[in-house]
Amino acid sequence: MSATGLTEWAYPLAESLLAAPLPRRWKHSLGVAERARTIAPILGADAELMEAAAVLHDIGYSPDLAKTGFHPLDGARYLRDVAQADERVVRLVAHHSCAWMEAEARGLRDELEGEFPREGPDLADALCFCDMNTTPDGTPTNPVDRVNEITGRYGPDSLIGTFIRRAEPEILASTARVLERLATSKRQPM
């Protein structure tokens, strides 16, 4: 599948997997895709790729796909094996929002990185920015509040709570890099 038409393909797929069983997760995914559209100026030719990855990033939570309980891996495997998705979308879903740190905590890092090479750092930052600046209900937030919300929802001593606190410095750094790229793009002459 070419980059053209990715969003037309991605939205109905994500909706079919998330909207009925996990309506709040679907709203979050729509919000993450909306954030992706807001940073399109710094993404250039990869803007549609990012929006597609954004709307698909959490499909691994779908009860139909959850095999390992680690949603980036479950979602990426489905996209690769069943949906025959664009490999860059698959890699972004597999590695979104510091997934390697959670994979490590789950004993799945070698599996994740062995199956799915990482996408470039600019796109990884962009997807992390979109995810961590979106509430579970799909509205804008900031990464500090988002990390606090995740910690509160799962508990500070849970695997997710521990992972997200460990990932927080990188999440904040990713957001800062994206904001700097946005600021630089606005300063560029047309």
# chains A, B, ... in the order shown; residues from 1 in each chain; ligands from 1
call {"tool": "residues_around", "arguments": {"residues": "stretch 61-69 of chain A", "least_positions_apart": "4", "cutoff": "6 Å", "atoms": "only C-alpha atoms", "output": "list in words"}}
result
Leu17, Leu18 and Asp74 of chain A
call {"tool": "closest_atom_pairs", "arguments": {"of": "stretch 31-75 of chain A", "to": "stretch 96-115 of chain A", "cutoff": "10 Å", "atoms": "only C-alpha atoms", "output": "CSV"}}
result
residue,atom,partner,partner_atom,distance
A:Ala53,CA,A:His96,CA,9.0
A:Ala54,CA,A:His96,CA,9.1
A:His57,CA,A:His96,CA,7.0
A:Asp58,CA,A:His96,CA,9.2
A:Thr68,CA,A:Leu108,CA,9.2
A:Gly69,CA,A:Arg106,CA,9.4
A:Phe70,CA,A:Ala103,CA,7.4
A:His71,CA,A:Ala99,CA,9.2
A:Pro72,CA,A:Ala99,CA,6.8
A:Leu73,CA,A:Leu112,CA,6.4
A:Asp74,CA,A:Leu112,CA,9.9
call {"tool": "write_last_selection", "arguments": {"atoms": "all heavy atoms", "output": "mmCIF file, in the first residue's frame"}}
result
data_model
loop_
_atom_site.group_PDB
_atom_site.id
_atom_site.type_symbol
_atom_site.label_atom_id
_atom_site.label_comp_id
_atom_site.auth_asym_id
_atom_site.auth_seq_id
_atom_site.Cartn_x
_atom_site.Cartn_y
_atom_site.Cartn_z
ATOM 1 N N ALA A 53 -0.671 6.090 11.341
ATOM 2 C CA ALA A 53 -0.090 5.431 12.519
ATOM 3 C C ALA A 53 -0.770 5.920 13.797
ATOM 4 O O ALA A 53 -1.016 5.136 14.714
ATOM 5 C CB ALA A 53 1.415 5.679 12.576
ATOM 6 N N ALA A 54 -1.100 7.203 13.840
ATOM 7 C CA ALA A 54 -1.740 7.781 15.026
ATOM 8 C C ALA A 54 -3.103 7.152 15.288
ATOM 9 O O ALA A 54 -3.413 6.779 16.414
ATOM 10 C CB ALA A 54 -1.865 9.294 14.870
ATOM 11 N N HIS A 57 -2.483 3.430 16.411
ATOM 12 C CA HIS A 57 -1.447 3.098 17.404
ATOM 13 C C HIS A 57 -1.934 2.206 18.540
ATOM 14 O O HIS A 57 -1.161 1.436 19.080
ATOM 15 C CB HIS A 57 -0.777 4.366 17.944
ATOM 16 C CG HIS A 57 -1.543 5.074 19.010
ATOM 17 N ND1 HIS A 57 -2.672 5.823 18.749
ATOM 18 C CD2 HIS A 57 -1.339 5.129 20.350
ATOM 19 C CE1 HIS A 57 -3.129 6.316 19.893
ATOM 20 N NE2 HIS A 57 -2.342 5.917 20.880
ATOM 21 N N ASP A 58 -3.205 2.269 18.905
ATOM 22 C CA ASP A 58 -3.704 1.501 20.046
ATOM 23 C C ASP A 58 -4.602 0.320 19.668
ATOM 24 O O ASP A 58 -5.270 -0.244 20.533
ATOM 25 C CB ASP A 58 -4.468 2.423 21.010
ATOM 26 C CG ASP A 58 -3.568 3.088 22.044
ATOM 27 O OD1 ASP A 58 -2.365 2.752 22.117
ATOM 28 O OD2 ASP A 58 -4.075 3.947 22.787
ATOM 29 N N THR A 68 -0.587 -11.053 23.555
ATOM 30 C CA THR A 68 0.472 -11.011 24.562
ATOM 31 C C THR A 68 0.094 -10.121 25.745
ATOM 32 O O THR A 68 0.730 -10.192 26.784
ATOM 33 C CB THR A 68 1.785 -10.454 23.974
ATOM 34 O OG1 THR A 68 1.592 -9.068 23.647
ATOM 35 C CG2 THR A 68 2.231 -11.233 22.750
ATOM 36 N N GLY A 69 -0.895 -9.243 25.546
ATOM 37 C CA GLY A 69 -1.228 -8.243 26.555
ATOM 38 C C GLY A 69 -0.359 -6.999 26.446
ATOM 39 O O GLY A 69 -0.518 -6.060 27.215
ATOM 40 N N PHE A 70 0.537 -6.967 25.481
ATOM 41 C CA PHE A 70 1.377 -5.801 25.215
ATOM 42 C C PHE A 70 0.896 -5.200 23.898
ATOM 43 O O PHE A 70 1.201 -5.699 22.819
ATOM 44 C CB PHE A 70 2.847 -6.227 25.154
ATOM 45 C CG PHE A 70 3.804 -5.112 24.857
ATOM 46 C CD1 PHE A 70 3.742 -3.911 25.539
ATOM 47 C CD2 PHE A 70 4.787 -5.280 23.903
ATOM 48 C CE1 PHE A 70 4.627 -2.886 25.267
ATOM 49 C CE2 PHE A 70 5.688 -4.267 23.619
ATOM 50 C CZ PHE A 70 5.600 -3.063 24.304
ATOM 51 N N HIS A 71 0.104 -4.140 23.992
ATOM 52 C CA HIS A 71 -0.638 -3.652 22.826
ATOM 53 C C HIS A 71 0.215 -3.193 21.647
ATOM 54 O O HIS A 71 -0.203 -3.408 20.508
ATOM 55 C CB HIS A 71 -1.673 -2.586 23.240
ATOM 56 C CG HIS A 71 -1.106 -1.246 23.529
ATOM 57 N ND1 HIS A 71 -0.538 -0.921 24.744
ATOM 58 C CD2 HIS A 71 -1.021 -0.144 22.757
ATOM 59 C CE1 HIS A 71 -0.131 0.341 24.696
ATOM 60 N NE2 HIS A 71 -0.410 0.833 23.505
ATOM 61 N N PRO A 72 1.398 -2.596 21.836
ATOM 62 C CA PRO A 72 2.178 -2.237 20.644
ATOM 63 C C PRO A 72 2.568 -3.469 19.806
ATOM 64 O O PRO A 72 2.502 -3.438 18.576
ATOM 65 C CB PRO A 72 3.409 -1.535 21.218
ATOM 66 C CG PRO A 72 2.955 -1.002 22.539
ATOM 67 C CD PRO A 72 2.015 -2.054 23.056
ATOM 68 N N LEU A 73 2.947 -4.536 20.463
ATOM 69 C CA LEU A 73 3.342 -5.761 19.768
ATOM 70 C C LEU A 73 2.131 -6.440 19.127
ATOM 71 O O LEU A 73 2.173 -6.840 17.959
ATOM 72 C CB LEU A 73 4.044 -6.710 20.746
ATOM 73 C CG LEU A 73 4.636 -7.989 20.159
ATOM 74 C CD1 LEU A 73 5.683 -7.689 19.083
ATOM 75 C CD2 LEU A 73 5.268 -8.822 21.287
ATOM 76 N N ASP A 74 1.034 -6.551 19.881
ATOM 77 C CA ASP A 74 -0.173 -7.185 19.333
ATOM 78 C C ASP A 74 -0.711 -6.408 18.135
ATOM 79 O O ASP A 74 -1.091 -6.996 17.116
ATOM 80 C CB ASP A 74 -1.250 -7.305 20.422
ATOM 81 C CG ASP A 74 -0.871 -8.311 21.505
ATOM 82 O OD1 ASP A 74 -0.040 -9.205 21.245
ATOM 83 O OD2 ASP A 74 -1.413 -8.185 22.623
#
call {"tool": "atom_distance", "arguments": {"atom1": "atom CA of A:Arg153", "atom2": "atom CA of A:Thr135"}}
result
12.0 Å
call {"tool": "residues_around", "arguments": {"residues": "A:Ala85", "least_positions_apart": "4", "cutoff": "10 Å", "atoms": "only C-alpha atoms", "output": "PyMOL selection string"}}
result
chain A and resi 1-2+6+9-10+76-81+89-90
call {"tool": "write_last_selection", "arguments": {"atoms": "N, CA, C and O atoms", "output": "mmCIF file, in the first residue's frame"}}
result
data_model
loop_
_atom_site.group_PDB
_atom_site.id
_atom_site.type_symbol
_atom_site.label_atom_id
_atom_site.label_comp_id
_atom_site.auth_asym_id
_atom_site.auth_seq_id
_atom_site.Cartn_x
_atom_site.Cartn_y
_atom_site.Cartn_z
ATOM 1 N N MET A 1 0.847 -1.179 0.000
ATOM 2 C CA MET A 1 0.000 0.000 0.000
ATOM 3 C C MET A 1 0.886 1.233 0.000
ATOM 4 O O MET A 1 1.829 1.332 0.762
ATOM 5 N N SER A 2 0.581 2.183 -0.863
ATOM 6 C CA SER A 2 1.364 3.414 -0.930
ATOM 7 C C SER A 2 0.907 4.365 0.163
ATOM 8 O O SER A 2 -0.135 4.170 0.786
ATOM 9 N N LEU A 6 -3.484 6.017 2.719
ATOM 10 C CA LEU A 6 -3.274 5.380 4.018
ATOM 11 C C LEU A 6 -4.352 5.757 5.022
ATOM 12 O O LEU A 6 -4.847 4.902 5.749
ATOM 13 N N TRP A 9 -7.688 4.111 4.469
ATOM 14 C CA TRP A 9 -7.636 2.712 4.865
ATOM 15 C C TRP A 9 -7.589 2.574 6.392
ATOM 16 O O TRP A 9 -8.244 1.715 6.975
ATOM 17 N N ALA A 10 -6.809 3.445 7.049
ATOM 18 C CA ALA A 10 -6.534 3.297 8.477
ATOM 19 C C ALA A 10 -7.740 3.599 9.374
ATOM 20 O O ALA A 10 -7.994 2.869 10.337
ATOM 21 N N ALA A 76 0.992 -4.298 16.129
ATOM 22 C CA ALA A 76 1.940 -4.367 15.008
ATOM 23 C C ALA A 76 1.868 -5.727 14.313
ATOM 24 O O ALA A 76 1.913 -5.805 13.077
ATOM 25 N N ARG A 77 1.752 -6.799 15.085
ATOM 26 C CA ARG A 77 1.649 -8.127 14.470
ATOM 27 C C ARG A 77 0.383 -8.245 13.617
ATOM 28 O O ARG A 77 0.427 -8.816 12.532
ATOM 29 N N TYR A 78 -0.712 -7.715 14.105
ATOM 30 C CA TYR A 78 -1.949 -7.743 13.328
ATOM 31 C C TYR A 78 -1.776 -6.942 12.035
ATOM 32 O O TYR A 78 -2.150 -7.406 10.954
ATOM 33 N N LEU A 79 -1.214 -5.753 12.157
ATOM 34 C CA LEU A 79 -1.034 -4.909 10.967
ATOM 35 C C LEU A 79 -0.129 -5.594 9.938
ATOM 36 O O LEU A 79 -0.390 -5.538 8.744
ATOM 37 N N ARG A 80 0.914 -6.245 10.410
ATOM 38 C CA ARG A 80 1.840 -6.935 9.505
ATOM 39 C C ARG A 80 1.228 -8.205 8.935
ATOM 40 O O ARG A 80 1.245 -8.423 7.721
ATOM 41 N N ASP A 81 0.679 -9.060 9.801
ATOM 42 C CA ASP A 81 0.292 -10.412 9.407
ATOM 43 C C ASP A 81 -1.093 -10.506 8.785
ATOM 44 O O ASP A 81 -1.319 -11.342 7.920
ATOM 45 N N VAL A 89 4.162 2.127 8.936
ATOM 46 C CA VAL A 89 3.059 2.234 9.891
ATOM 47 C C VAL A 89 3.220 1.149 10.963
ATOM 48 O O VAL A 89 3.087 1.417 12.157
ATOM 49 N N VAL A 90 3.515 -0.061 10.521
ATOM 50 C CA VAL A 90 3.690 -1.186 11.451
ATOM 51 C C VAL A 90 4.790 -0.868 12.461
ATOM 52 O O VAL A 90 4.621 -1.066 13.675
#
call {"tool": "residues_around", "arguments": {"residues": "A:Glu34", "least_positions_apart": "2", "cutoff": "9 Å", "atoms": "only C-alpha atoms", "output": "MDAnalysis selection string"}}
result
chainID A and resid 29:32 36:38 51 54:55 130 138
call {"tool": "write_last_selection", "arguments": {"atoms": "N, CA, C and O atoms", "output": "CSV table (one decimal), in the first residue's frame"}}
result
chain,number,residue,atom,x,y,z
A,29,SER,N,-7.8,7.5,20.1
A,29,SER,CA,-7.1,7.4,18.8
A,29,SER,C,-7.5,8.4,17.9
A,29,SER,O,-6.6,8.9,17.1
A,30,LEU,N,-8.7,8.8,17.8
A,30,LEU,CA,-9.2,10.0,17.0
A,30,LEU,C,-8.5,11.3,17.4
A,30,LEU,O,-8.0,12.0,16.5
A,31,GLY,N,-8.3,11.5,18.7
A,31,GLY,CA,-7.6,12.7,19.2
A,31,GLY,C,-6.2,12.7,18.8
A,31,GLY,O,-5.6,13.7,18.5
A,32,VAL,N,-5.5,11.5,18.9
A,32,VAL,CA,-4.1,11.4,18.6
A,32,VAL,C,-3.9,11.7,17.1
A,32,VAL,O,-3.0,12.4,16.7
A,36,ALA,N,-1.9,14.7,15.1
A,36,ALA,CA,-1.0,14.4,14.0
A,36,ALA,C,-1.2,15.4,12.9
A,36,ALA,O,-0.3,15.9,12.2
A,37,ARG,N,-2.5,15.7,12.6
A,37,ARG,CA,-2.8,16.7,11.6
A,37,ARG,C,-2.3,18.1,12.0
A,37,ARG,O,-1.8,18.9,11.1
A,38,THR,N,-2.2,18.4,13.3
A,38,THR,CA,-1.7,19.8,13.7
A,38,THR,C,-0.2,19.9,13.5
A,38,THR,O,0.2,21.0,13.4
A,51,GLU,N,-0.5,10.3,10.4
A,51,GLU,CA,-1.9,10.3,10.8
A,51,GLU,C,-2.5,8.9,10.8
A,51,GLU,O,-3.2,8.5,11.7
A,54,ALA,N,-1.1,7.2,13.8
A,54,ALA,CA,-1.7,7.8,15.0
A,54,ALA,C,-3.1,7.2,15.3
A,54,ALA,O,-3.4,6.8,16.4
A,55,VAL,N,-3.9,7.0,14.3
A,55,VAL,CA,-5.2,6.5,14.5
A,55,VAL,C,-5.2,5.0,14.8
A,55,VAL,O,-6.1,4.4,15.4
A,130,CYS,N,2.1,13.2,19.7
A,130,CYS,CA,0.6,13.1,19.5
A,130,CYS,C,-0.1,12.3,20.6
A,130,CYS,O,-1.1,12.7,21.1
A,138,GLY,N,-9.6,11.9,24.1
A,138,GLY,CA,-9.3,12.5,22.8
A,138,GLY,C,-9.1,14.0,22.8
A,138,GLY,O,-8.9,14.6,21.7
call {"tool": "select_by_dssp", "arguments": {"residues": "stretch 50-79 of chain A", "states": "helix (DSSP H, G or I)", "output": "PyMOL selection string"}}
result
chain A and resi 50-56+59-61+71-79
call {"tool": "write_last_selection", "arguments": {"atoms": "N, CA and C atoms", "output": "short mmCIF file (atom, residue, chain, number, x, y, z; two decimals), in the first residue's frame"}}
result
data_model
loop_
_atom_site.label_atom_id
_atom_site.label_comp_id
_atom_site.auth_asym_id
_atom_site.auth_seq_id
_atom_site.Cartn_x
_atom_site.Cartn_y
_atom_site.Cartn_z
N MET A 50 1.96 9.51 9.29
CA MET A 50 1.84 9.77 10.73
C MET A 50 0.39 9.73 11.17
N GLU A 51 -0.50 10.32 10.40
CA GLU A 51 -1.91 10.30 10.78
C GLU A 51 -2.45 8.87 10.81
N ALA A 52 -2.06 8.07 9.85
CA ALA A 52 -2.49 6.66 9.82
C ALA A 52 -1.95 5.92 11.04
N ALA A 53 -0.67 6.09 11.34
CA ALA A 53 -0.09 5.43 12.52
C ALA A 53 -0.77 5.92 13.80
N ALA A 54 -1.10 7.20 13.84
CA ALA A 54 -1.74 7.78 15.03
C ALA A 54 -3.10 7.15 15.29
N VAL A 55 -3.91 7.01 14.26
CA VAL A 55 -5.25 6.45 14.47
C VAL A 55 -5.19 4.95 14.77
N LEU A 56 -4.12 4.30 14.33
CA LEU A 56 -3.96 2.85 14.53
C LEU A 56 -3.12 2.48 15.77
N ILE A 59 -4.59 -0.10 18.41
CA ILE A 59 -5.49 -1.21 18.03
C ILE A 59 -5.15 -2.51 18.75
N GLY A 60 -3.93 -2.63 19.25
CA GLY A 60 -3.54 -3.83 19.98
C GLY A 60 -4.31 -4.04 21.28
N TYR A 61 -5.04 -3.03 21.72
CA TYR A 61 -5.93 -3.19 22.88
C TYR A 61 -7.22 -3.91 22.52
N HIS A 71 0.10 -4.14 23.99
CA HIS A 71 -0.64 -3.65 22.83
C HIS A 71 0.21 -3.19 21.65
N PRO A 72 1.40 -2.60 21.84
CA PRO A 72 2.18 -2.24 20.64
C PRO A 72 2.57 -3.47 19.81
N LEU A 73 2.95 -4.54 20.46
CA LEU A 73 3.34 -5.76 19.77
C LEU A 73 2.13 -6.44 19.13
N ASP A 74 1.03 -6.55 19.88
CA ASP A 74 -0.17 -7.19 19.33
C ASP A 74 -0.71 -6.41 18.13
N GLY A 75 -0.73 -5.08 18.24
CA GLY A 75 -1.21 -4.26 17.13
C GLY A 75 -0.32 -4.35 15.91
N ALA A 76 0.99 -4.30 16.13
CA ALA A 76 1.94 -4.37 15.01
C ALA A 76 1.87 -5.73 14.31
N ARG A 77 1.75 -6.80 15.08
CA ARG A 77 1.65 -8.13 14.47
C ARG A 77 0.38 -8.25 13.62
N TYR A 78 -0.71 -7.72 14.11
CA TYR A 78 -1.95 -7.74 13.33
C TYR A 78 -1.78 -6.94 12.04
N LEU A 79 -1.21 -5.75 12.16
CA LEU A 79 -1.03 -4.91 10.97
C LEU A 79 -0.13 -5.59 9.94
#
call {"tool": "decode", "arguments": {"residues": "stretch 57-112 of chain A", "atoms": "C-alpha atoms", "output": "JSON list (two decimals), in the first residue's frame"}}
result
[["chain", "number", "residue", "atom", "x", "y", "z"],
["A", 57, "HIS", "CA", -1.45, 3.10, 17.40],
["A", 58, "ASP", "CA", -3.70, 1.50, 20.05],
["A", 59, "ILE", "CA", -5.49, -1.21, 18.03],
["A", 60, "GLY", "CA", -3.54, -3.83, 19.98],
["A", 61, "TYR", "CA", -5.93, -3.19, 22.88],
["A", 62, "SER", "CA", -8.78, -4.64, 20.82],
["A", 63, "PRO", "CA", -10.03, -7.85, 22.46],
["A", 64, "ASP", "CA", -9.80, -9.51, 19.03],
["A", 65, "LEU", "CA", -6.07, -8.73, 18.78],
["A", 66, "ALA", "CA", -4.80, -8.92, 22.37],
["A", 67, "LYS", "CA", -2.56, -11.99, 22.45],
["A", 68, "THR", "CA", 0.47, -11.01, 24.56],
["A", 69, "GLY", "CA", -1.23, -8.24, 26.55],
["A", 70, "PHE", "CA", 1.38, -5.80, 25.21],
["A", 71, "HIS", "CA", -0.64, -3.65, 22.83],
["A", 72, "PRO", "CA", 2.18, -2.24, 20.64],
["A", 73, "LEU", "CA", 3.34, -5.76, 19.77],
["A", 74, "ASP", "CA", -0.17, -7.19, 19.33],
["A", 75, "GLY", "CA", -1.21, -4.26, 17.13],
["A", 76, "ALA", "CA", 1.94, -4.37, 15.01],
["A", 77, "ARG", "CA", 1.65, -8.13, 14.47],
["A", 78, "TYR", "CA", -1.95, -7.74, 13.33],
["A", 79, "LEU", "CA", -1.03, -4.91, 10.97],
["A", 80, "ARG", "CA", 1.84, -6.93, 9.50],
["A", 81, "ASP", "CA", 0.29, -10.41, 9.41],
["A", 82, "VAL", "CA", -3.41, -9.77, 8.78],
["A", 83, "ALA", "CA", -3.81, -6.25, 7.39],
["A", 84, "GLN", "CA", -0.61, -6.30, 5.29],
["A", 85, "ALA", "CA", -0.07, -2.68, 6.32],
["A", 86, "ASP", "CA", 2.64, -0.33, 5.16],
["A", 87, "GLU", "CA", 5.78, -1.47, 7.01],
["A", 88, "ARG", "CA", 6.51, 2.04, 8.28],
["A", 89, "VAL", "CA", 3.06, 2.23, 9.89],
["A", 90, "VAL", "CA", 3.69, -1.19, 11.45],
["A", 91, "ARG", "CA", 7.05, -0.06, 12.87],
["A", 92, "LEU", "CA", 5.58, 3.16, 14.28],
["A", 93, "VAL", "CA", 2.74, 1.25, 15.99],
["A", 94, "ALA", "CA", 5.21, -1.31, 17.37],
["A", 95, "HIS", "CA", 7.45, 1.34, 18.91],
["A", 96, "HIS", "CA", 5.07, 4.15, 19.82],
["A", 97, "SER", "CA", 5.59, 6.19, 22.98],
["A", 98, "CYS", "CA", 8.72, 4.49, 24.34],
["A", 99, "ALA", "CA", 7.25, 0.99, 23.88],
["A", 100, "TRP", "CA", 10.71, -0.56, 24.20],
["A", 101, "MET", "CA", 10.76, 0.38, 27.90],
["A", 102, "GLU", "CA", 7.44, -1.34, 28.56],
["A", 103, "ALA", "CA", 8.55, -4.30, 26.43],
["A", 104, "GLU", "CA", 11.66, -4.58, 28.58],
["A", 105, "ALA", "CA", 9.55, -4.60, 31.76],
["A", 106, "ARG", "CA", 7.41, -7.38, 30.26],
["A", 107, "GLY", "CA", 10.38, -9.45, 29.06],
["A", 108, "LEU", "CA", 9.39, -8.78, 25.43],
["A", 109, "ARG", "CA", 12.06, -6.29, 24.30],
["A", 110, "ASP", "CA", 14.06, -8.80, 22.24],
["A", 111, "GLU", "CA", 10.86, -10.02, 20.60],
["A", 112, "LEU", "CA", 9.67, -6.48, 19.80]]
